[in-house]
>>> print(open('start.cif').read())   # mmCIF, C-alpha atoms and all ligand atoms
data_data
#
loop_
_atom_site.group_PDB
_atom_site.id
_atom_site.type_symbol
_atom_site.label_atom_id
_atom_site.label_comp_id
_atom_site.auth_asym_id
_atom_site.auth_seq_id
_atom_site.Cartn_x
_atom_site.Cartn_y
_atom_site.Cartn_z
ATOM 1 C CA MET C 1 -26.126 14.916 14.978
ATOM 2 C CA GLN C 2 -25.226 11.337 15.773
ATOM 3 C CA ASN C 3 -26.639 9.269 12.983
ATOM 4 C CA ARG C 4 -24.192 6.447 12.537
ATOM 5 C CA GLU C 5 -25.354 3.130 13.757
ATOM 6 C CA THR C 6 -21.801 1.871 13.269
ATOM 7 C CA ASN C 7 -18.984 2.782 15.598
ATOM 8 C CA MET C 8 -16.755 4.438 13.077
ATOM 9 C CA LYS C 9 -14.326 6.952 14.488
ATOM 10 C CA TYR C 10 -12.469 8.029 11.401
ATOM 11 C CA ALA C 11 -13.825 9.192 8.059
ATOM 12 C CA SER C 12 -11.250 6.931 6.447
ATOM 13 C CA GLU C 13 -12.938 3.822 7.899
ATOM 14 C CA ASP C 14 -15.974 4.336 5.693
ATOM 15 C CA LEU C 15 -13.734 4.954 2.677
ATOM 16 C CA ARG C 16 -11.565 1.913 3.435
ATOM 17 C CA ASN C 17 -14.712 -0.238 3.555
ATOM 18 C CA GLU C 18 -15.702 1.125 0.171
ATOM 19 C CA HIS C 19 -12.219 0.337 -1.148
ATOM 20 C CA GLU C 20 -12.905 -3.313 -0.302
ATOM 21 C CA GLY C 21 -16.071 -3.119 -2.401
ATOM 22 C CA VAL C 22 -14.191 -1.536 -5.297
ATOM 23 C CA LEU C 23 -11.386 -4.142 -5.111
ATOM 24 C CA TYR C 24 -13.975 -6.898 -5.143
ATOM 25 C CA GLY C 25 -15.488 -5.323 -8.289
ATOM 26 C CA LEU C 26 -12.042 -5.105 -9.871
ATOM 27 C CA ALA C 27 -11.416 -8.830 -9.286
ATOM 28 C CA ILE C 28 -14.638 -9.592 -11.168
ATOM 29 C CA LEU C 29 -13.752 -7.117 -13.918
ATOM 30 C CA GLU C 30 -10.348 -8.787 -14.258
ATOM 31 C CA GLN C 31 -12.056 -12.128 -14.818
ATOM 32 C CA MET C 32 -14.362 -10.527 -17.405
ATOM 33 C CA VAL C 33 -11.255 -9.285 -19.224
ATOM 34 C CA ARG C 34 -9.828 -12.828 -19.213
ATOM 35 C CA THR C 35 -13.091 -14.227 -20.553
ATOM 36 C CA VAL C 36 -13.208 -11.673 -23.368
ATOM 37 C CA ARG C 37 -9.552 -12.281 -24.232
ATOM 38 C CA LEU C 38 -10.096 -16.023 -24.407
ATOM 39 C CA SER C 39 -13.352 -16.052 -26.302
ATOM 40 C CA GLY C 40 -13.445 -12.645 -27.977
ATOM 41 C CA ALA C 41 -16.991 -12.278 -26.732
ATOM 42 C CA ALA C 42 -18.933 -11.557 -23.570
ATOM 43 C CA ASP C 43 -22.336 -10.952 -22.159
ATOM 44 C CA THR C 44 -22.507 -7.226 -22.817
ATOM 45 C CA SER C 45 -25.205 -6.695 -20.202
ATOM 46 C CA ASP C 46 -22.755 -7.999 -17.553
ATOM 47 C CA ILE C 47 -20.179 -5.508 -18.767
ATOM 48 C CA GLU C 48 -22.769 -2.746 -18.657
ATOM 49 C CA ASP C 49 -23.701 -3.750 -15.093
ATOM 50 C CA MET C 50 -20.043 -3.604 -14.105
ATOM 51 C CA ILE C 51 -19.570 -0.192 -15.712
ATOM 52 C CA ASN C 52 -22.665 1.037 -13.906
ATOM 53 C CA PHE C 53 -21.211 -0.167 -10.585
ATOM 54 C CA LEU C 54 -17.906 1.592 -11.280
ATOM 55 C CA ARG C 55 -19.603 4.801 -12.350
ATOM 56 C CA LEU C 56 -21.996 4.983 -9.445
ATOM 57 C CA PHE C 57 -20.271 3.319 -6.533
ATOM 58 C CA ALA C 58 -16.558 3.785 -7.228
ATOM 59 C CA ASP C 59 -16.692 7.154 -8.914
ATOM 60 C CA LYS C 60 -19.802 9.128 -8.089
ATOM 61 C CA CYS C 61 -20.221 8.003 -4.493
ATOM 62 C CA HIS C 62 -16.735 7.046 -3.298
ATOM 63 C CA HIS C 63 -14.639 9.570 -5.209
ATOM 64 C CA GLY C 64 -17.356 12.141 -4.550
ATOM 65 C CA LYS C 65 -16.910 11.686 -0.781
ATOM 66 C CA GLU C 66 -13.164 12.133 -1.128
ATOM 67 C CA GLU C 67 -13.307 15.102 -3.493
ATOM 68 C CA ASP C 68 -16.163 17.009 -1.901
ATOM 69 C CA PHE C 69 -15.436 16.395 1.774
ATOM 70 C CA LEU C 70 -12.272 14.591 2.868
ATOM 71 C CA PHE C 71 -9.753 16.284 0.580
ATOM 72 C CA PRO C 72 -11.046 19.829 1.237
ATOM 73 C CA ALA C 73 -10.948 19.127 5.003
ATOM 74 C CA MET C 74 -7.361 17.908 4.685
ATOM 75 C CA GLU C 75 -6.416 20.935 2.629
ATOM 76 C CA LYS C 76 -7.900 23.182 5.266
ATOM 77 C CA ALA C 77 -5.818 21.346 7.846
ATOM 78 C CA GLY C 78 -2.671 22.173 5.902
ATOM 79 C CA ILE C 79 -2.036 19.403 3.351
ATOM 80 C CA PRO C 80 -1.123 21.124 0.095
ATOM 81 C CA ASN C 81 -3.360 20.389 -2.869
ATOM 82 C CA VAL C 82 -1.489 21.850 -5.806
ATOM 83 C CA SER C 83 1.374 19.526 -6.744
ATOM 84 C CA GLY C 84 0.871 17.590 -3.485
ATOM 85 C CA PRO C 85 -0.631 14.162 -2.758
ATOM 86 C CA ILE C 86 -4.210 15.427 -3.080
ATOM 87 C CA ALA C 87 -3.571 16.772 -6.585
ATOM 88 C CA GLN C 88 -2.141 13.373 -7.471
ATOM 89 C CA MET C 89 -5.269 11.589 -6.174
ATOM 90 C CA LEU C 90 -7.547 14.004 -8.089
ATOM 91 C CA ALA C 91 -5.585 13.450 -11.282
ATOM 92 C CA GLU C 92 -5.970 9.684 -10.830
ATOM 93 C CA HIS C 93 -9.732 10.030 -10.304
ATOM 94 C CA ASN C 94 -9.927 11.938 -13.593
ATOM 95 C CA GLN C 95 -7.822 9.353 -15.349
ATOM 96 C CA GLY C 96 -10.114 6.625 -13.988
ATOM 97 C CA ARG C 97 -13.162 8.491 -15.314
ATOM 98 C CA GLN C 98 -11.647 8.513 -18.770
ATOM 99 C CA TYR C 99 -11.020 4.765 -18.635
ATOM 100 C CA ILE C 100 -14.592 4.123 -17.481
ATOM 101 C CA ALA C 101 -15.860 6.284 -20.366
ATOM 102 C CA GLU C 102 -13.666 4.280 -22.729
ATOM 103 C CA MET C 103 -15.062 0.985 -21.391
ATOM 104 C CA GLY C 104 -18.559 2.428 -21.860
ATOM 105 C CA ALA C 105 -17.773 3.393 -25.441
ATOM 106 C CA SER C 106 -16.494 -0.135 -26.100
ATOM 107 C CA VAL C 107 -19.989 -1.571 -25.469
ATOM 108 C CA ALA C 108 -22.019 1.248 -26.940
ATOM 109 C CA ASP C 109 -25.216 -0.003 -28.658
ATOM 110 C CA GLY C 110 -24.690 -3.436 -27.146
ATOM 111 C CA ASN C 111 -21.906 -4.294 -29.586
ATOM 112 C CA LEU C 112 -18.687 -5.170 -27.837
ATOM 113 C CA GLN C 113 -15.365 -4.039 -29.247
ATOM 114 C CA PRO C 114 -13.265 -6.629 -27.408
ATOM 115 C CA ASP C 115 -9.801 -5.063 -27.740
ATOM 116 C CA ARG C 116 -11.044 -1.631 -26.817
ATOM 117 C CA PHE C 117 -12.794 -3.012 -23.742
ATOM 118 C CA THR C 118 -9.929 -5.195 -22.486
ATOM 119 C CA LYS C 119 -7.341 -2.434 -22.943
ATOM 120 C CA ALA C 120 -9.370 0.173 -21.060
ATOM 121 C CA ALA C 121 -10.375 -2.283 -18.317
ATOM 122 C CA ALA C 122 -6.807 -3.501 -17.779
ATOM 123 C CA VAL C 123 -5.369 -0.002 -17.319
ATOM 124 C CA TYR C 124 -8.301 0.950 -15.099
ATOM 125 C CA ILE C 125 -7.720 -2.074 -12.842
ATOM 126 C CA ASP C 126 -4.001 -1.256 -12.460
ATOM 127 C CA LEU C 127 -4.685 2.427 -11.837
ATOM 128 C CA MET C 128 -7.344 1.816 -9.204
ATOM 129 C CA ARG C 129 -5.440 -0.881 -7.303
ATOM 130 C CA ALA C 130 -2.394 1.372 -7.023
ATOM 131 C CA HIS C 131 -4.598 4.357 -6.156
ATOM 132 C CA ILE C 132 -6.369 2.516 -3.342
ATOM 133 C CA GLU C 133 -3.044 1.280 -1.975
ATOM 134 C CA LYS C 134 -1.711 4.860 -1.851
ATOM 135 C CA GLU C 135 -4.801 6.169 -0.084
ATOM 136 C CA ASN C 136 -4.917 3.299 2.412
ATOM 137 C CA THR C 137 -1.251 3.398 3.314
ATOM 138 C CA VAL C 138 -0.388 7.087 3.002
ATOM 139 C CA LEU C 139 -3.103 9.688 2.594
ATOM 140 C CA PHE C 140 -5.723 8.257 4.960
ATOM 141 C CA ARG C 141 -3.162 7.774 7.712
ATOM 142 C CA VAL C 142 -2.207 11.430 7.424
ATOM 143 C CA GLY C 143 -5.890 12.439 7.529
ATOM 144 C CA ASP C 144 -6.505 10.245 10.601
ATOM 145 C CA LYS C 145 -3.722 12.053 12.431
ATOM 146 C CA MET C 146 -4.428 15.583 11.247
ATOM 147 C CA LEU C 147 -8.185 15.864 11.571
ATOM 148 C CA PRO C 148 -9.657 16.151 15.066
ATOM 149 C CA VAL C 149 -12.410 13.894 16.402
ATOM 150 C CA GLN C 150 -15.228 16.380 15.750
ATOM 151 C CA GLU C 151 -14.113 16.871 12.166
ATOM 152 C CA GLN C 152 -14.053 13.086 11.650
ATOM 153 C CA GLU C 153 -17.573 12.839 13.007
ATOM 154 C CA HIS C 154 -18.722 15.718 10.827
ATOM 155 C CA LEU C 155 -17.227 14.052 7.747
ATOM 156 C CA LEU C 156 -18.922 10.737 8.538
ATOM 157 C CA ASN C 157 -22.260 12.535 8.765
ATOM 158 C CA GLN C 158 -21.609 14.353 5.510
ATOM 159 C CA PHE C 159 -20.734 11.041 3.847
ATOM 160 C CA GLU C 160 -23.991 9.514 4.948
ATOM 161 C CA GLU C 161 -26.065 12.413 3.651
ATOM 162 C CA PHE C 162 -24.103 12.553 0.415
ATOM 163 C CA GLU C 163 -24.546 8.836 -0.173
ATOM 164 C CA GLU C 164 -28.295 9.109 0.140
ATOM 165 C CA GLU C 165 -28.342 12.151 -2.084
ATOM 166 C CA VAL C 166 -26.266 10.818 -4.976
ATOM 167 C CA MET C 167 -27.206 7.157 -4.853
ATOM 168 C CA GLY C 168 -30.716 7.256 -3.493
ATOM 169 C CA LYS C 169 -32.124 4.848 -0.945
ATOM 170 C CA GLY C 170 -31.552 1.184 -1.699
ATOM 171 C CA THR C 171 -29.099 1.744 -4.564
ATOM 172 C CA HIS C 172 -26.157 0.588 -2.482
ATOM 173 C CA GLU C 173 -27.879 -2.711 -1.766
ATOM 174 C CA LYS C 174 -28.904 -3.148 -5.383
ATOM 175 C CA LEU C 175 -25.338 -2.622 -6.567
ATOM 176 C CA HIS C 176 -24.102 -5.194 -4.052
ATOM 177 C CA GLU C 177 -26.657 -7.688 -5.323
ATOM 178 C CA THR C 178 -25.522 -7.084 -8.887
ATOM 179 C CA LEU C 179 -21.901 -7.596 -7.894
ATOM 180 C CA HIS C 180 -22.821 -10.745 -6.048
ATOM 181 C CA SER C 181 -24.478 -12.279 -9.086
ATOM 182 C CA LEU C 182 -21.520 -11.261 -11.269
ATOM 183 C CA GLU C 183 -19.203 -12.845 -8.715
ATOM 184 C CA ASN C 184 -21.144 -16.112 -8.912
ATOM 185 C CA LYS C 185 -20.929 -16.066 -12.660
ATOM 186 C CA TYR C 186 -17.304 -15.002 -13.127
ATOM 187 C CA LEU C 187 -15.388 -15.996 -10.033
ATOM 188 C CA LYS C 188 -17.106 -19.118 -8.790
ATOM 189 C CA THR C 189 -17.818 -21.067 -11.958
ATOM 190 C CA LYS C 190 -14.481 -22.865 -12.275
HETATM 191 FE FE FE C 201 -9.429 8.273 -4.379
HETATM 192 FE FE FE C 202 -10.557 6.045 -2.395
#
>>> encode(input="start.cif", output="structure tokens", more="lines below")
Ligand SMILES: [Fe+2]
Ligand SMILES: [Fe+2]
Amino acid sequence: MQNRETNMKYASEDLRNEHEGVLYGLAILEQMVRTVRLSGAADTSDIEDMINFLRLFADKCHHGKEEDFLFPAMEKAGIPNVSGPIAQMLAEHNQGRQYIAEMGASVADGNLQPDRFTKAAAVYIDLMRAHIEKENTVLFRVGDKMLPVQEQEHLLNQFEEFEEEVMGKGTHEKLHETLHSLENKYLKTK
């Protein structure tokens, strides 16, 4: 089944593109943290939109592709999971989930707890930037070398189906629009 209109060869290309989206979200989140630190307040619906992006795009979709498809394929090809680099990546995904939950709890009922939010967001940003760097420079390169062409193609197809399944049609675009408006508000106002 050849269903990619793009010319991607490696499964990691799709994931690297998503990393760019996540990093872009983190830059906006970082500015939100600065705003809250300076003023002690924030538009809680913006924070909720950001948390929704992180939950759906960064965690459910992106980490889902890694956990359900890429990592198992790499394990099958001989990369150890237990106490190896994959276990480390999985542990970081779980850690990230806890920080997202903590950010969510900091705006529960629309009332922002500023310190709770900024602390959780700051550690999440650091964790995810380092995590993405490790995947881009180490793990993905190993996967590119170890997995044959057909397996890469199969993974790309699985990613596409998975994305539609977990996000639903149009959700990707909607999330990008949301990020774009947050970018205009937080990164381009000064
Ligand atoms: Fe990851
Ligand atoms: Fe990743």
>>> residues_near_ligand(input="start.cif", ligand="ligand FE 201 (chain C)", cutoff="8 Å", atoms="only C-alpha atoms and all ligand atoms", output="MDAnalysis selection string")
chainID C and resid 62:63 66:67 89:90 92:93 131:132 135
>>> write_last_selection(input="start.cif", atoms="C-alpha atoms", output="CSV table (one decimal), in the coordinates of the input")
chain,number,residue,atom,x,y,z
C,62,HIS,CA,-16.7,7.0,-3.3
C,63,HIS,CA,-14.6,9.6,-5.2
C,66,GLU,CA,-13.2,12.1,-1.1
C,67,GLU,CA,-13.3,15.1,-3.5
C,89,MET,CA,-5.3,11.6,-6.2
C,90,LEU,CA,-7.5,14.0,-8.1
C,92,GLU,CA,-6.0,9.7,-10.8
C,93,HIS,CA,-9.7,10.0,-10.3
C,131,HIS,CA,-4.6,4.4,-6.2
C,132,ILE,CA,-6.4,2.5,-3.3
C,135,GLU,CA,-4.8,6.2,-0.1
>>> resolve_selection(input="start.cif", expression="the PyMOL selection byres (((not hetatm)) within 12 of (chain C and resi 202))", output="JSON, numbers by chain")
{"C": [11, 12, 13, 14, 15, 16, 17, 18, 19, 20, 21, 22, 23, 57, 58, 59, 60, 61, 62, 63, 64, 65, 66, 67, 70, 71, 86, 89, 90, 92, 93, 96, 127, 128, 129, 130, 131, 132, 133, 134, 135, 136, 137, 138, 139, 140]}
>>> closest_residue(input="start.cif", among="C:Leu147, C:Ala42, C:Val107, C:Met8", to="Glu75 of chain C", atoms="only C-alpha atoms")
C:Leu147
>>> closest_residue(input="start.cif", among="C:Leu29, C:Ala91, C:His154, C:Lys145", to="Met103 of chain C", atoms="only C-alpha atoms")
C:Leu29
>>> closest_residue(input="start.cif", among="C:Glu161, C:Glu177, C:Glu183, C:Asp115", to="Tyr24 of chain C", atoms="only C-alpha atoms")
C:Glu183
>>> closest_residue(input="start.cif", among="C:Ala121, C:Ile79, C:Ala108, C:Ala73", to="Leu26 of chain C", atoms="only C-alpha atoms")
C:Ala121
>>> atom_distance(input="start.cif", atom1="atom CA of Met167 of chain C", atom2="atom CA of Leu54 of chain C")
12.6 Å
>>> atom_distance(input="start.cif", atom1="atom CA of Asp43 of chain C", atom2="atom CA of Pro114 of chain C")
11.3 Å
>>> closest_residue(input="start.cif", among="C:Lys9, C:Pro85, C:Ile51, C:Glu153", to="Ala105 of chain C", atoms="only C-alpha atoms")
C:Ile51
>>> atom_distance(input="start.cif", atom1="atom CA of Tyr10 of chain C", atom2="atom CA of Gln152 of chain C")
5.3 Å
>>> residues_around(input="start.cif", residues="Gln31 of chain C", least_positions_apart="5", cutoff="9 Å", atoms="all atoms listed in the file", output="PyMOL selection string")
chain C and resi 26+36+186-187
>>> closest_residue(input="start.cif", among="C:Leu179, C:Val166, C:Ala122, C:Ala41", to="Phe53 of chain C", atoms="all atoms listed in the file")
C:Leu179
>>> axis_aligned_box(input="start.cif", around="segment 109-114 of chain C", padding_each_side="6 Å", output="AutoDock Vina command-line options")
--center_x -19.2 --center_y -3.3 --center_z -28.4 --size_x 24.0 --size_y 18.6 --size_z 14.4
>>> build_atoms(input="start.cif", residues="segment 92-103 of chain C", atoms="all heavy atoms", output="mmCIF file, in the frame of the given file")
data_model
loop_
_atom_site.group_PDB
_atom_site.id
_atom_site.type_symbol
_atom_site.label_atom_id
_atom_site.label_comp_id
_atom_site.auth_asym_id
_atom_site.auth_seq_id
_atom_site.Cartn_x
_atom_site.Cartn_y
_atom_site.Cartn_z
ATOM 1 N N GLU C 92 -5.681 11.108 -10.604
ATOM 2 C CA GLU C 92 -5.970 9.684 -10.830
ATOM 3 C C GLU C 92 -7.471 9.431 -10.934
ATOM 4 O O GLU C 92 -7.906 8.580 -11.717
ATOM 5 C CB GLU C 92 -5.327 8.841 -9.720
ATOM 6 C CG GLU C 92 -3.806 8.833 -9.849
ATOM 7 C CD GLU C 92 -3.066 8.108 -8.732
ATOM 8 O OE1 GLU C 92 -3.724 7.488 -7.862
ATOM 9 O OE2 GLU C 92 -1.815 8.163 -8.731
ATOM 10 N N HIS C 93 -8.268 10.161 -10.154
ATOM 11 C CA HIS C 93 -9.732 10.030 -10.304
ATOM 12 C C HIS C 93 -10.142 10.406 -11.733
ATOM 13 O O HIS C 93 -10.974 9.726 -12.345
ATOM 14 C CB HIS C 93 -10.475 10.959 -9.334
ATOM 15 C CG HIS C 93 -10.398 10.548 -7.896
ATOM 16 N ND1 HIS C 93 -10.992 11.268 -6.892
ATOM 17 C CD2 HIS C 93 -9.804 9.486 -7.292
ATOM 18 C CE1 HIS C 93 -10.773 10.671 -5.725
ATOM 19 N NE2 HIS C 93 -10.035 9.595 -5.940
ATOM 20 N N ASN C 94 -9.580 11.502 -12.230
ATOM 21 C CA ASN C 94 -9.927 11.938 -13.593
ATOM 22 C C ASN C 94 -9.494 10.922 -14.637
ATOM 23 O O ASN C 94 -10.224 10.648 -15.583
ATOM 24 C CB ASN C 94 -9.285 13.298 -13.902
ATOM 25 C CG ASN C 94 -10.090 14.420 -13.271
ATOM 26 O OD1 ASN C 94 -11.305 14.297 -13.087
ATOM 27 N ND2 ASN C 94 -9.423 15.501 -12.916
ATOM 28 N N GLN C 95 -8.316 10.387 -14.438
ATOM 29 C CA GLN C 95 -7.822 9.353 -15.349
ATOM 30 C C GLN C 95 -8.778 8.150 -15.337
ATOM 31 O O GLN C 95 -9.148 7.616 -16.382
ATOM 32 C CB GLN C 95 -6.417 8.934 -14.894
ATOM 33 C CG GLN C 95 -5.732 7.943 -15.802
ATOM 34 C CD GLN C 95 -5.307 8.553 -17.112
ATOM 35 O OE1 GLN C 95 -4.408 9.378 -17.137
ATOM 36 N NE2 GLN C 95 -5.949 8.176 -18.186
ATOM 37 N N GLY C 96 -9.186 7.756 -14.134
ATOM 38 C CA GLY C 96 -10.114 6.625 -13.988
ATOM 39 C C GLY C 96 -11.424 6.885 -14.720
ATOM 40 O O GLY C 96 -11.977 5.992 -15.356
ATOM 41 N N ARG C 97 -11.914 8.118 -14.618
ATOM 42 C CA ARG C 97 -13.162 8.491 -15.314
ATOM 43 C C ARG C 97 -13.013 8.300 -16.820
ATOM 44 O O ARG C 97 -13.941 7.841 -17.491
ATOM 45 C CB ARG C 97 -13.481 9.961 -15.045
ATOM 46 C CG ARG C 97 -14.384 10.137 -13.883
ATOM 47 C CD ARG C 97 -14.522 11.559 -13.395
ATOM 48 N NE ARG C 97 -14.728 11.450 -11.963
ATOM 49 C CZ ARG C 97 -14.171 12.211 -11.045
ATOM 50 N NH1 ARG C 97 -13.387 13.208 -11.382
ATOM 51 N NH2 ARG C 97 -14.399 11.986 -9.769
ATOM 52 N N GLN C 98 -11.863 8.670 -17.326
ATOM 53 C CA GLN C 98 -11.647 8.513 -18.770
ATOM 54 C C GLN C 98 -11.640 7.036 -19.165
ATOM 55 O O GLN C 98 -12.180 6.659 -20.200
ATOM 56 C CB GLN C 98 -10.335 9.166 -19.181
ATOM 57 C CG GLN C 98 -10.449 10.690 -19.210
ATOM 58 C CD GLN C 98 -9.099 11.368 -19.406
ATOM 59 O OE1 GLN C 98 -8.202 10.815 -20.040
ATOM 60 N NE2 GLN C 98 -8.952 12.548 -18.860
ATOM 61 N N TYR C 99 -11.035 6.205 -18.320
ATOM 62 C CA TYR C 99 -11.020 4.765 -18.635
ATOM 63 C C TYR C 99 -12.418 4.165 -18.557
ATOM 64 O O TYR C 99 -12.779 3.301 -19.359
ATOM 65 C CB TYR C 99 -10.073 4.014 -17.683
ATOM 66 C CG TYR C 99 -8.614 4.370 -17.829
ATOM 67 C CD1 TYR C 99 -7.746 4.307 -16.749
ATOM 68 C CD2 TYR C 99 -8.077 4.760 -19.062
ATOM 69 C CE1 TYR C 99 -6.399 4.628 -16.869
ATOM 70 C CE2 TYR C 99 -6.733 5.082 -19.191
ATOM 71 C CZ TYR C 99 -5.903 5.017 -18.084
ATOM 72 O OH TYR C 99 -4.571 5.328 -18.204
ATOM 73 N N ILE C 100 -13.208 4.625 -17.579
ATOM 74 C CA ILE C 100 -14.592 4.123 -17.481
ATOM 75 C C ILE C 100 -15.374 4.545 -18.736
ATOM 76 O O ILE C 100 -16.119 3.750 -19.320
ATOM 77 C CB ILE C 100 -15.314 4.651 -16.212
ATOM 78 C CG1 ILE C 100 -14.691 4.070 -14.941
ATOM 79 C CG2 ILE C 100 -16.798 4.284 -16.252
ATOM 80 C CD1 ILE C 100 -15.285 4.636 -13.642
ATOM 81 N N ALA C 101 -15.175 5.803 -19.158
ATOM 82 C CA ALA C 101 -15.860 6.284 -20.366
ATOM 83 C C ALA C 101 -15.451 5.442 -21.580
ATOM 84 O O ALA C 101 -16.277 5.099 -22.434
ATOM 85 C CB ALA C 101 -15.538 7.756 -20.600
ATOM 86 N N GLU C 102 -14.176 5.086 -21.623
ATOM 87 C CA GLU C 102 -13.666 4.280 -22.729
ATOM 88 C C GLU C 102 -14.277 2.865 -22.704
ATOM 89 O O GLU C 102 -14.674 2.335 -23.734
ATOM 90 C CB GLU C 102 -12.133 4.240 -22.647
ATOM 91 C CG GLU C 102 -11.418 3.441 -23.712
ATOM 92 C CD GLU C 102 -11.563 3.981 -25.131
ATOM 93 O OE1 GLU C 102 -12.091 5.100 -25.310
ATOM 94 O OE2 GLU C 102 -11.181 3.247 -26.061
ATOM 95 N N MET C 103 -14.403 2.296 -21.510
ATOM 96 C CA MET C 103 -15.062 0.985 -21.391
ATOM 97 C C MET C 103 -16.511 1.108 -21.868
ATOM 98 O O MET C 103 -17.016 0.236 -22.571
ATOM 99 C CB MET C 103 -15.051 0.494 -19.935
ATOM 100 C CG MET C 103 -13.755 -0.110 -19.482
ATOM 101 S SD MET C 103 -13.942 -0.797 -17.795
ATOM 102 C CE MET C 103 -13.145 0.450 -16.819
#
